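Data from query-v2.cif: mmCIF, C-alpha atoms
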data_start
loop_
_atom_site.label_atom_id
_atom_site.label_comp_id
_atom_site.auth_asym_id
_atom_site.auth_seq_id
_atom_site.Cartn_x
_atom_site.Cartn_y
_atom_site.Cartn_z
CA MET G 13 -37.56 23.50 -12.88
CA ALA G 14 -37.62 19.76 -12.22
CA ILE G 15 -38.67 18.33 -8.87
CA THR G 16 -36.40 15.48 -7.80
CA ASN G 17 -36.25 12.88 -5.05
CA THR G 18 -34.14 9.80 -4.53
CA THR G 19 -36.02 7.64 -7.04
CA THR G 20 -37.81 9.72 -9.64
CA GLN G 21 -37.71 12.97 -11.52
CA VAL G 22 -41.06 14.65 -12.21
CA LEU G 23 -41.23 17.40 -14.78
CA TYR G 24 -43.70 20.21 -14.64
CA PRO G 25 -46.15 19.94 -17.59
CA LYS G 26 -44.61 22.94 -19.36
CA GLU G 27 -41.28 21.12 -19.45
CA SER G 28 -42.54 17.65 -20.31
CA VAL G 29 -42.35 16.17 -23.80
CA ALA G 30 -46.10 15.46 -24.06
CA LEU G 31 -48.91 17.80 -23.07
CA TYR G 32 -50.48 14.99 -21.02
CA PRO G 33 -49.24 11.47 -20.21
CA ASN G 34 -52.08 9.67 -22.04
CA SER G 35 -55.29 10.28 -23.96
CA LEU G 36 -57.52 9.58 -20.96
CA VAL G 37 -55.90 12.32 -18.90
CA GLY G 38 -56.03 14.58 -21.95
CA GLU G 39 -59.78 14.04 -22.32
CA ARG G 40 -60.37 14.77 -18.65
CA VAL G 41 -58.25 17.92 -18.76
CA SER G 42 -60.07 19.08 -21.91
CA ALA G 43 -63.48 18.50 -20.31
CA TYR G 44 -62.38 20.36 -17.17
CA SER G 45 -61.07 23.25 -19.28
CA GLU G 46 -64.32 23.54 -21.23
CA VAL G 47 -66.32 23.76 -17.99
CA HIS G 48 -63.95 26.35 -16.55
CA SER G 49 -63.93 28.56 -19.65
CA SER G 50 -66.52 31.16 -20.59
CA SER G 51 -69.55 29.38 -21.98
CA ILE G 52 -70.85 29.55 -25.53
CA PRO G 53 -74.54 29.22 -26.44
CA GLN G 54 -76.02 25.78 -25.81
CA SER G 55 -77.38 25.83 -29.36
CA ILE G 56 -73.80 25.66 -30.70
CA ILE G 57 -73.00 22.74 -28.41
CA ASN G 58 -76.21 20.99 -29.48
CA TYR G 59 -75.35 21.49 -33.14
CA HIS G 60 -71.90 20.02 -32.57
CA THR G 61 -73.54 16.93 -31.06
CA HIS G 62 -76.03 16.76 -33.94
CA VAL G 63 -73.31 16.86 -36.59
CA THR G 64 -71.22 14.27 -34.75
CA THR G 65 -74.26 11.95 -34.78
CA THR G 66 -75.57 12.61 -38.30
CA GLN G 67 -72.28 13.13 -40.16
CA PRO G 68 -69.97 10.55 -38.54
CA GLU G 69 -67.73 10.20 -41.60
CA THR G 70 -66.89 13.89 -41.84
CA ALA G 71 -67.58 15.25 -38.33
CA LYS G 72 -63.82 15.31 -37.73
CA TYR G 73 -63.74 18.36 -40.00
CA MET G 74 -65.40 20.36 -37.21
CA ILE G 75 -63.61 22.40 -34.62
CA SER G 76 -64.06 21.19 -31.04
CA ILE G 77 -66.18 23.02 -28.49
CA SER G 78 -62.99 23.96 -26.66
CA GLN G 79 -61.56 25.50 -29.80
CA ALA G 80 -64.84 27.33 -30.41
CA GLN G 81 -64.50 28.84 -26.93
CA MET G 82 -60.98 29.99 -27.77
CA MET G 83 -62.12 31.55 -31.06
CA VAL G 84 -64.96 33.45 -29.41
CA PHE G 85 -62.57 34.68 -26.71
CA LEU G 86 -60.00 35.87 -29.27
CA SER G 87 -62.65 37.60 -31.32
CA LYS G 88 -64.03 39.49 -28.36
CA THR G 89 -60.54 40.33 -27.11
CA ILE G 90 -59.69 42.27 -30.28
CA GLY G 91 -63.22 43.62 -30.72
CA ALA G 92 -63.74 41.82 -34.03
CA LYS G 93 -66.87 42.71 -35.98
CA ARG G 94 -66.00 41.38 -39.44
CA ILE G 95 -64.75 37.85 -39.98
CA LEU G 96 -63.87 35.99 -43.16
CA GLU G 97 -63.80 32.22 -42.95
CA ILE G 98 -62.17 30.02 -45.59
CA GLY G 99 -63.88 26.65 -45.25
CA ALA G 100 -67.31 26.41 -43.65
CA TYR G 101 -67.96 22.66 -43.53
CA VAL G 102 -71.48 22.60 -41.99
CA GLY G 103 -71.27 25.97 -40.26
CA LEU G 104 -70.29 25.10 -36.68
CA SER G 105 -67.37 27.53 -36.60
CA SER G 106 -69.51 30.13 -38.38
CA LEU G 107 -72.04 29.91 -35.54
CA ALA G 108 -69.24 30.54 -33.05
CA TRP G 109 -67.97 33.55 -35.00
CA SER G 110 -71.53 34.85 -35.41
CA HIS G 111 -72.03 34.74 -31.67
CA ALA G 112 -68.68 36.44 -31.08
CA VAL G 113 -69.22 39.44 -33.38
CA GLY G 114 -72.81 40.05 -32.27
CA THR G 115 -75.83 41.10 -34.26
CA ASP G 116 -74.06 44.21 -35.54
CA GLY G 117 -71.15 42.15 -36.90
CA LYS G 118 -70.78 40.14 -40.09
CA VAL G 119 -69.38 36.69 -40.90
CA THR G 120 -68.62 35.65 -44.48
CA THR G 121 -67.65 32.05 -45.08
CA LEU G 122 -66.39 30.33 -48.24
CA GLU G 123 -67.28 26.68 -48.89
CA PHE G 124 -66.34 24.57 -51.89
CA ASP G 125 -68.90 21.79 -51.42
CA PRO G 126 -72.53 22.85 -52.16
CA TYR G 127 -73.84 20.05 -49.93
CA PHE G 128 -71.96 21.30 -46.88
CA ALA G 129 -72.76 24.92 -47.76
CA ASN G 130 -76.47 24.07 -47.77
CA LEU G 131 -76.20 22.42 -44.35
CA ALA G 132 -74.44 25.53 -43.03
CA GLU G 133 -77.19 27.77 -44.36
CA GLU G 134 -79.83 25.50 -42.81
CA ALA G 135 -77.98 25.77 -39.49
CA PHE G 136 -78.03 29.57 -39.73
CA VAL G 137 -81.80 29.56 -40.29
CA ALA G 138 -82.45 27.00 -37.55
CA ASN G 139 -80.43 29.07 -35.06
CA GLY G 140 -81.84 32.45 -36.09
CA VAL G 141 -78.47 33.65 -37.38
CA LYS G 142 -78.82 36.63 -39.70
CA ASN G 143 -75.28 38.00 -39.65
CA ALA G 144 -73.58 35.15 -41.57
CA GLU G 145 -73.45 34.28 -45.25
CA VAL G 146 -71.99 31.45 -47.32
CA ILE G 147 -70.30 31.92 -50.68
CA VAL G 148 -70.08 28.66 -52.60
CA GLY G 149 -67.03 27.97 -54.75
CA ASP G 150 -63.28 27.40 -54.79
CA ALA G 151 -61.63 29.70 -52.25
CA LEU G 152 -58.44 29.74 -54.33
CA GLU G 153 -60.45 31.52 -57.02
CA ILE G 154 -62.85 33.52 -54.85
CA LEU G 155 -60.42 34.94 -52.29
CA PRO G 156 -58.51 37.18 -54.75
CA THR G 157 -61.81 38.72 -55.90
CA ILE G 158 -62.97 39.84 -52.46
CA THR G 159 -62.66 43.61 -52.08
CA PRO G 160 -64.39 44.66 -48.87
CA THR G 161 -65.26 48.28 -48.20
CA THR G 162 -64.15 47.71 -44.61
CA PRO G 163 -61.25 45.32 -43.86
CA TYR G 164 -61.83 42.11 -41.96
CA ASP G 165 -60.69 41.81 -38.35
CA ILE G 166 -60.06 38.05 -38.50
CA ILE G 167 -59.49 35.61 -41.35
CA PHE G 168 -59.91 31.98 -40.32
CA ILE G 169 -58.41 29.33 -42.63
CA ASP G 170 -59.84 25.82 -42.35
CA ALA G 171 -60.12 24.51 -45.91
CA GLN G 172 -58.02 22.31 -48.21
CA LYS G 173 -54.60 22.08 -46.60
CA SER G 174 -52.69 22.16 -49.87
CA GLY G 175 -54.13 25.63 -50.46
CA TYR G 176 -52.87 27.22 -47.25
CA PRO G 177 -49.73 28.85 -48.73
CA SER G 178 -51.78 30.35 -51.55
CA TYR G 179 -54.43 31.66 -49.16
CA LEU G 180 -51.72 33.30 -47.08
CA ARG G 181 -50.01 34.89 -50.08
CA THR G 182 -53.33 36.32 -51.27
CA ILE G 183 -54.21 37.68 -47.83
CA LEU G 184 -50.86 39.42 -47.44
CA ALA G 185 -50.85 40.79 -51.00
CA SER G 186 -54.40 42.12 -50.54
CA SER G 187 -53.69 43.73 -47.16
CA THR G 188 -50.93 46.23 -47.81
CA GLN G 189 -50.77 49.72 -46.35
CA GLY G 190 -52.64 52.31 -48.37
CA SER G 191 -54.29 49.80 -50.66
CA PRO G 192 -57.98 50.39 -51.33
CA ASN G 193 -60.33 47.64 -50.20
CA ARG G 194 -57.60 45.91 -48.20
CA LEU G 195 -58.63 42.46 -47.01
CA LEU G 196 -57.34 42.42 -43.42
CA ARG G 197 -56.85 45.42 -41.17
CA LYS G 198 -53.65 46.32 -39.38
CA GLY G 199 -53.60 44.30 -36.18
CA GLY G 200 -56.03 41.78 -37.62
CA LEU G 201 -55.59 38.06 -37.06
CA ILE G 202 -54.92 35.25 -39.53
CA ILE G 203 -55.83 31.97 -37.83
CA GLY G 204 -54.74 28.80 -39.61
CA ASP G 205 -56.35 25.61 -38.32
CA ASN G 206 -54.85 22.08 -38.47
CA THR G 207 -51.35 23.49 -38.90
CA LEU G 208 -49.68 20.56 -37.11
CA ARG G 209 -51.89 17.89 -38.71
CA CYS G 210 -51.67 14.93 -36.32
CA GLY G 211 -48.19 16.14 -35.48
CA PHE G 212 -46.90 15.12 -38.95
CA VAL G 213 -45.87 18.68 -39.75
CA ALA G 214 -43.37 18.60 -36.87
CA ASP G 215 -42.64 14.87 -36.68
CA ASP G 216 -43.45 12.38 -39.44
CA SER G 217 -41.14 9.70 -38.05
CA GLU G 218 -42.19 6.22 -36.99
CA ASP G 219 -42.44 7.57 -33.45
CA ASN G 220 -45.70 9.28 -34.46
CA PRO G 221 -48.53 6.78 -33.77
CA TRP G 222 -50.81 8.49 -36.32
CA ARG G 223 -48.78 6.82 -39.07
CA SER G 224 -50.76 3.64 -38.39
CA TYR G 225 -54.13 5.39 -38.73
CA ASP G 226 -56.22 4.67 -41.83
CA PHE G 227 -56.81 8.04 -43.49
CA GLY G 228 -58.49 6.33 -46.45
CA ALA G 229 -57.40 4.91 -49.79
CA HIS G 230 -56.76 8.38 -51.19
CA ARG G 231 -54.44 9.24 -48.29
CA ARG G 232 -51.97 6.40 -48.09
CA GLU G 233 -48.81 7.43 -46.23
CA TYR G 234 -50.48 10.73 -45.44
CA TRP G 235 -47.43 11.96 -43.57
CA LYS G 236 -45.69 12.23 -46.98
CA SER G 237 -48.58 14.07 -48.65
CA GLU G 238 -48.82 17.44 -50.33
CA ASP G 239 -51.02 18.56 -47.41
CA ILE G 240 -48.19 18.11 -44.93
CA ARG G 241 -45.64 19.82 -47.18
CA ALA G 242 -48.03 22.73 -47.73
CA LEU G 243 -48.65 23.15 -44.01
CA ARG G 244 -44.92 23.20 -43.31
CA SER G 245 -44.55 25.86 -45.98
CA TYR G 246 -47.41 27.86 -44.47
CA ASN G 247 -45.89 27.77 -40.98
CA ASP G 248 -42.48 28.72 -42.39
CA VAL G 249 -43.87 31.72 -44.28
CA VAL G 250 -45.81 32.92 -41.24
CA GLY G 251 -42.75 32.63 -39.02
CA GLU G 252 -40.38 34.26 -41.48
CA SER G 253 -42.64 37.10 -42.62
CA GLY G 254 -41.61 40.46 -41.29
CA ARG G 255 -45.23 41.54 -41.48
CA LEU G 256 -46.55 39.00 -39.01
CA GLU G 257 -46.00 37.93 -35.45
CA ASN G 258 -47.49 34.64 -34.38
CA TRP G 259 -47.99 31.85 -31.89
CA LEU G 260 -48.25 28.27 -33.17
CA CYS G 261 -50.51 26.69 -30.59
CA PRO G 262 -49.86 22.94 -30.11
CA LEU G 263 -53.41 22.23 -28.89
CA TRP G 264 -56.13 20.49 -30.91
CA ASP G 265 -54.62 19.82 -34.37
CA GLY G 266 -52.36 22.87 -34.22
CA VAL G 267 -53.60 26.45 -34.61
CA ASN G 268 -51.27 29.10 -36.03
CA ILE G 269 -52.43 32.49 -34.76
CA ALA G 270 -50.76 35.42 -36.55
CA ARG G 271 -51.22 39.17 -36.19
CA LEU G 272 -50.73 41.50 -39.13
CA LEU G 273 -48.34 44.29 -38.08
CA ASP G 274 -48.82 46.79 -40.90
#
Is it possible to express this structure as C-alpha cells?
Amino acid sequence: MAITNTTTQVLYPKESVALYPNSLVGERVSAYSEVHSSSIPQSIINYHTHVTTTQPETAKYMISISQAQMMVFLSKTIGAKRILEIGAYVGLSSLAWSHAVGTDGKVTTLEFDPYFANLAEEAFVANGVKNAEVIVGDALEILPTITPTTPYDIIFIDAQKSGYPSYLRTILASSTQGSPNRLLRKGGLIIGDNTLRCGFVADDSEDNPWRSYDFGAHRREYWKSEDIRALRSYNDVVGESGRLENWLCPLWDGVNIARLLD
C-alpha cells in the first residue's frame, strides 16, 4: 500500500518499479545483505577476489558472493548431496556447491574450455576439495550421455546461453518417472543463471541502459542476439511446463529456480 502526504507519494520497495533507486544504494544493500546472511568459507571469498584480480576480462562470468550464499542455502534446505553443474568457468560456484553438499556429497561440473577447466581443478586442489570433478567438453553433447546411478538433487545451468533450451529439454527427457538412471530426482531443482540477461529478456527497449554497453565486437546489438531469444524460450518452457513449478528471481542477472514435480 502506498504512503501518501500532501506533496509526495512513496512506494514500498515491493511495489516500486526498480529494486533500488540507484546503483549506489543497490551496492550498499547488497553488502548489508551479504553480512547479514549465513557466511560461506573465507577461502571461497578469497578465491572470488583472486579471480576478479587475475581474470579481469572474464571475471564477470562468476557468480557473486551473495548468489553463492543463496545457492548454499538452497542446497542445504533441500538436503542436496549430488549436484550437476553445466558450466564451471574457474570453479567458484563449484566450491560453493562442494561446501554445501559436504564431504559425503558429490559435485560434477561440465566445462567446455580446457583452460578454465584446468583453473577449476587447480582451485579444487588448492582448497583441499575432493568431492568435485570437472568433465571437459561440450555440454550439449555430454549431458545426454550422463546416466547416474543415483539422480542429482540440483542441476545448475550457467553455460552458453543459446544452449539453455536444449539443456532443459535433455534434463526433462532424462528425468521421467520410472526411467532407469534418471538425471534429476523428483523434487530436485533446476537452477538457470543469467535468465534475465541485463534485463534484455524482459525489456530490450531503449529504456534499458545496458543497450549502450560495449559487449564486444562479436556481440553488437546484444539485445537482439540468439542468447536473448534462447533465454526467453527457456523461461517460457519452464513456466509453461506442467512438470515444473518455479520462481524467476529478479536479483543478480536473473535466476530461474524450478522444482521438478514428478
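Coordinates place atom CA of Glu69 of chain G at a distance of 22.7 Å from atom CA of Ala138 of chain G.
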Take the PyMOL selection byres ((chain G and resi 176-188) around 8), apply it to the structure above, and return the hits as a PyMOL selection string. chain G and resi 152+155-156+169+171-175+189-191+194-197+242-243+245-246+249+274
Kindly resolve the PyMOL selection byres ((chain G and resi 135) around 12) on the present coordinates and return the residues as a ChimeraX atom specification. /G:55-56,58-60,62-63,100-108,110,128-134,136-142,144-146
Selection file, C-alpha atoms, as a CSV table (one decimal), keeping the file's coordinate frame:
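Ended up saving to again_27.csv:
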chain,number,residue,atom,x,y,z
G,55,SER,CA,-77.4,25.8,-29.4
G,56,ILE,CA,-73.8,25.7,-30.7
G,58,ASN,CA,-76.2,21.0,-29.5
G,59,TYR,CA,-75.4,21.5,-33.1
G,60,HIS,CA,-71.9,20.0,-32.6
G,62,HIS,CA,-76.0,16.8,-33.9
G,63,VAL,CA,-73.3,16.9,-36.6
G,100,ALA,CA,-67.3,26.4,-43.6
G,101,TYR,CA,-68.0,22.7,-43.5
G,102,VAL,CA,-71.5,22.6,-42.0
G,103,GLY,CA,-71.3,26.0,-40.3
G,104,LEU,CA,-70.3,25.1,-36.7
G,105,SER,CA,-67.4,27.5,-36.6
G,106,SER,CA,-69.5,30.1,-38.4
G,107,LEU,CA,-72.0,29.9,-35.5
G,108,ALA,CA,-69.2,30.5,-33.0
G,110,SER,CA,-71.5,34.8,-35.4
G,128,PHE,CA,-72.0,21.3,-46.9
G,129,ALA,CA,-72.8,24.9,-47.8
G,130,ASN,CA,-76.5,24.1,-47.8
G,131,LEU,CA,-76.2,22.4,-44.4
G,132,ALA,CA,-74.4,25.5,-43.0
G,133,GLU,CA,-77.2,27.8,-44.4
G,134,GLU,CA,-79.8,25.5,-42.8
G,136,PHE,CA,-78.0,29.6,-39.7
G,137,VAL,CA,-81.8,29.6,-40.3
G,138,ALA,CA,-82.4,27.0,-37.6
G,139,ASN,CA,-80.4,29.1,-35.1
G,140,GLY,CA,-81.8,32.4,-36.1
G,141,VAL,CA,-78.5,33.6,-37.4
G,142,LYS,CA,-78.8,36.6,-39.7
G,144,ALA,CA,-73.6,35.2,-41.6
G,145,GLU,CA,-73.4,34.3,-45.2
G,146,VAL,CA,-72.0,31.4,-47.3
Contacts of Lys93 of chain G at 7 Å (all atoms listed in the file; same-chain gap of 4+ positions) as a JSON list (two decimals) with C-alpha atoms, keeping the file's coordinate frame:
[["chain", "number", "residue", "atom", "x", "y", "z"],
["G", 113, "VAL", "CA", -69.22, 39.44, -33.38],
["G", 117, "GLY", "CA", -71.15, 42.15, -36.90],
["G", 118, "LYS", "CA", -70.78, 40.14, -40.09],
["G", 165, "ASP", "CA", -60.69, 41.81, -38.35]]
Distance in Å - atom CA of Glu97 of chain G versus atom CA of Ile167 of chain G: 5.7 Å
Fewer than 3 positions away in the same chain doesn't count, so skip those; otherwise give me all residues within 9 Å of segment 250-254 of chain G, counting all atoms listed in the file, as a compact mmCIF listing (two decimals) with C-alpha atoms, in the coordinates of the input.
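Saved result, result-v4.txt, follows:
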# COMPACT_ATOMS: atom_id res chain seq x y z
CA LEU G 180 -51.72 33.30 -47.08
CA SER G 245 -44.55 25.86 -45.98
CA TYR G 246 -47.41 27.86 -44.47
CA ASN G 247 -45.89 27.77 -40.98
CA GLU G 257 -46.00 37.93 -35.45
CA ASN G 258 -47.49 34.64 -34.38
CA TRP G 259 -47.99 31.85 -31.89
CA ASN G 268 -51.27 29.10 -36.03
CA ALA G 270 -50.76 35.42 -36.55
CA LEU G 273 -48.34 44.29 -38.08
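Each of G:Asp170, G:Asp226, G:Asp125, G:Glu39 was checked against Leu96 of chain G using all atoms listed in the file; the smallest atom-to-atom distance is that of G:Asp170.
Between atom CA of Trp264 of chain G and atom CA of Tyr127 of chain G lies a distance of 26.0 Å.
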So what does the PyMOL selection byres ((chain G and resi 51) around 10) actually pick up in this one, as a JSON list (two decimals) with C-alpha atoms, in the frame of the given file?
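Listed below is the output, part08.json:
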[["chain", "number", "residue", "atom", "x", "y", "z"],
["G", 46, "GLU", "CA", -64.32, 23.54, -21.23],
["G", 47, "VAL", "CA", -66.32, 23.76, -17.99],
["G", 48, "HIS", "CA", -63.95, 26.35, -16.55],
["G", 49, "SER", "CA", -63.93, 28.56, -19.65],
["G", 50, "SER", "CA", -66.52, 31.16, -20.59],
["G", 52, "ILE", "CA", -70.85, 29.55, -25.53],
["G", 53, "PRO", "CA", -74.54, 29.22, -26.44],
["G", 54, "GLN", "CA", -76.02, 25.78, -25.81],
["G", 57, "ILE", "CA", -73.00, 22.74, -28.41],
["G", 77, "ILE", "CA", -66.18, 23.02, -28.49],
["G", 78, "SER", "CA", -62.99, 23.96, -26.66],
["G", 80, "ALA", "CA", -64.84, 27.33, -30.41],
["G", 81, "GLN", "CA", -64.50, 28.84, -26.93],
["G", 84, "VAL", "CA", -64.96, 33.45, -29.41],
["G", 85, "PHE", "CA", -62.57, 34.68, -26.71]]
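Across G:Thr70, G:Gly200, G:Arg241, G:Asn220, the tightest approach to Ile90 of chain G is made by G:Gly200 when counting all atoms listed in the file.
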Which is closest to Pro163 of chain G among G:Leu36, G:Ala92, G:Ile203, G:Val213, if we use only C-alpha atoms? G:Ala92
Listed atoms of segment 127-133 of chain G, axis-aligned box, 8 Å per side: centre and edge lengths to one decimal in Å, as JSON?
{"center_x": -74.6, "center_y": 23.9, "center_z": -46.5, "size_x": 21.2, "size_y": 23.7, "size_z": 22.9}
Nearby residues (all atoms listed in the file) at most 12 Å from Ser217 of chain G, same-chain spacing under 4 positions excluded, as a VMD selection string: chain G and resid 210 to 213 221 to 224 233 to 236
Who sits within 8 Å of Ala151 of chain G, all atoms listed in the file, same chain under 2 positions skipped, as an MDAnalysis selection string: chainID G and resid 98:99 122:124 149 153:155
Final N, CA and C atoms of segment 117-151 of chain G as a JSON list (two decimals), keeping the file's coordinate frame:
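Result saved to part35.json:
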[["chain", "number", "residue", "atom", "x", "y", "z"],
["G", 117, "GLY", "N", -72.33, 42.60, -36.18],
["G", 117, "GLY", "CA", -71.15, 42.15, -36.90],
["G", 117, "GLY", "C", -71.53, 41.36, -38.14],
["G", 118, "LYS", "N", -70.52, 40.86, -38.84],
["G", 118, "LYS", "CA", -70.78, 40.14, -40.09],
["G", 118, "LYS", "C", -69.75, 39.02, -40.26],
["G", 119, "VAL", "N", -70.23, 37.83, -40.63],
["G", 119, "VAL", "CA", -69.38, 36.69, -40.90],
["G", 119, "VAL", "C", -69.63, 36.24, -42.34],
["G", 120, "THR", "N", -68.54, 36.17, -43.11],
["G", 120, "THR", "CA", -68.62, 35.65, -44.48],
["G", 120, "THR", "C", -67.78, 34.39, -44.55],
["G", 121, "THR", "N", -68.37, 33.31, -45.03],
["G", 121, "THR", "CA", -67.65, 32.05, -45.08],
["G", 121, "THR", "C", -67.67, 31.48, -46.49],
["G", 122, "LEU", "N", -66.54, 30.92, -46.91],
["G", 122, "LEU", "CA", -66.39, 30.33, -48.24],
["G", 122, "LEU", "C", -66.41, 28.82, -48.11],
["G", 123, "GLU", "N", -67.20, 28.14, -48.94],
["G", 123, "GLU", "CA", -67.28, 26.68, -48.89],
["G", 123, "GLU", "C", -67.33, 26.11, -50.30],
["G", 124, "PHE", "N", -66.44, 25.17, -50.56],
["G", 124, "PHE", "CA", -66.34, 24.57, -51.89],
["G", 124, "PHE", "C", -67.49, 23.62, -52.20],
["G", 125, "ASP", "N", -67.92, 22.85, -51.21],
["G", 125, "ASP", "CA", -68.90, 21.79, -51.42],
["G", 125, "ASP", "C", -70.32, 22.33, -51.23],
["G", 126, "PRO", "N", -71.16, 22.33, -52.28],
["G", 126, "PRO", "CA", -72.53, 22.85, -52.16],
["G", 126, "PRO", "C", -73.36, 22.12, -51.10],
["G", 127, "TYR", "N", -73.09, 20.83, -50.92],
["G", 127, "TYR", "CA", -73.84, 20.05, -49.93],
["G", 127, "TYR", "C", -73.57, 20.58, -48.53],
["G", 128, "PHE", "N", -72.31, 20.78, -48.20],
["G", 128, "PHE", "CA", -71.96, 21.30, -46.88],
["G", 128, "PHE", "C", -72.43, 22.75, -46.74],
["G", 129, "ALA", "N", -72.31, 23.53, -47.81],
["G", 129, "ALA", "CA", -72.76, 24.92, -47.76],
["G", 129, "ALA", "C", -74.25, 25.00, -47.45],
["G", 130, "ASN", "N", -75.03, 24.10, -48.03],
["G", 130, "ASN", "CA", -76.47, 24.07, -47.77],
["G", 130, "ASN", "C", -76.76, 23.73, -46.32],
["G", 131, "LEU", "N", -76.01, 22.77, -45.76],
["G", 131, "LEU", "CA", -76.20, 22.42, -44.35],
["G", 131, "LEU", "C", -75.84, 23.60, -43.45],
["G", 132, "ALA", "N", -74.81, 24.34, -43.82],
["G", 132, "ALA", "CA", -74.44, 25.53, -43.03],
["G", 132, "ALA", "C", -75.56, 26.56, -43.06],
["G", 133, "GLU", "N", -76.11, 26.79, -44.23],
["G", 133, "GLU", "CA", -77.19, 27.77, -44.36],
["G", 133, "GLU", "C", -78.42, 27.33, -43.57],
["G", 134, "GLU", "N", -78.71, 26.02, -43.60],
["G", 134, "GLU", "CA", -79.83, 25.50, -42.81],
["G", 134, "GLU", "C", -79.58, 25.71, -41.32],
["G", 135, "ALA", "N", -78.33, 25.56, -40.90],
["G", 135, "ALA", "CA", -77.98, 25.77, -39.49],
["G", 135, "ALA", "C", -78.18, 27.24, -39.11],
["G", 136, "PHE", "N", -77.84, 28.14, -40.01],
["G", 136, "PHE", "CA", -78.03, 29.57, -39.73],
["G", 136, "PHE", "C", -79.52, 29.85, -39.50],
["G", 137, "VAL", "N", -80.36, 29.32, -40.40],
["G", 137, "VAL", "CA", -81.80, 29.56, -40.29],
["G", 137, "VAL", "C", -82.35, 28.94, -39.00],
["G", 138, "ALA", "N", -81.95, 27.71, -38.73],
["G", 138, "ALA", "CA", -82.45, 27.00, -37.55],
["G", 138, "ALA", "C", -82.07, 27.70, -36.25],
["G", 139, "ASN", "N", -80.92, 28.40, -36.27],
["G", 139, "ASN", "CA", -80.43, 29.07, -35.06],
["G", 139, "ASN", "C", -80.70, 30.58, -35.07],
["G", 140, "GLY", "N", -81.48, 31.03, -36.03],
["G", 140, "GLY", "CA", -81.84, 32.45, -36.09],
["G", 140, "GLY", "C", -80.68, 33.37, -36.38],
["G", 141, "VAL", "N", -79.65, 32.85, -37.06],
["G", 141, "VAL", "CA", -78.47, 33.65, -37.38],
["G", 141, "VAL", "C", -78.71, 34.45, -38.66],
["G", 142, "LYS", "N", -78.59, 35.76, -38.55],
["G", 142, "LYS", "CA", -78.82, 36.63, -39.70],
["G", 142, "LYS", "C", -77.59, 37.43, -40.08],
["G", 143, "ASN", "N", -76.49, 37.22, -39.38],
["G", 143, "ASN", "CA", -75.28, 38.00, -39.65],
["G", 143, "ASN", "C", -74.18, 37.15, -40.28],
["G", 144, "ALA", "N", -74.56, 36.02, -40.91],
["G", 144, "ALA", "CA", -73.58, 35.15, -41.57],
["G", 144, "ALA", "C", -74.07, 34.77, -42.96],
["G", 145, "GLU", "N", -73.12, 34.66, -43.88],
["G", 145, "GLU", "CA", -73.45, 34.28, -45.25],
["G", 145, "GLU", "C", -72.43, 33.28, -45.76],
["G", 146, "VAL", "N", -72.87, 32.44, -46.71],
["G", 146, "VAL", "CA", -71.99, 31.45, -47.32],
["G", 146, "VAL", "C", -71.83, 31.78, -48.80],
["G", 147, "ILE", "N", -70.59, 31.80, -49.26],
["G", 147, "ILE", "CA", -70.30, 31.92, -50.68],
["G", 147, "ILE", "C", -69.77, 30.58, -51.15],
["G", 148, "VAL", "N", -70.43, 29.99, -52.14],
["G", 148, "VAL", "CA", -70.08, 28.66, -52.60],
["G", 148, "VAL", "C", -69.10, 28.75, -53.77],
["G", 149, "GLY", "N", -68.01, 27.99, -53.68],
["G", 149, "GLY", "CA", -67.03, 27.97, -54.75],
["G", 149, "GLY", "C", -65.63, 27.67, -54.23],
["G", 150, "ASP", "N", -64.67, 27.68, -55.13],
["G", 150, "ASP", "CA", -63.28, 27.40, -54.79],
["G", 150, "ASP", "C", -62.64, 28.64, -54.19],
["G", 151, "ALA", "N", -62.21, 28.54, -52.94],
["G", 151, "ALA", "CA", -61.63, 29.70, -52.25],
["G", 151, "ALA", "C", -60.37, 30.20, -52.94]]
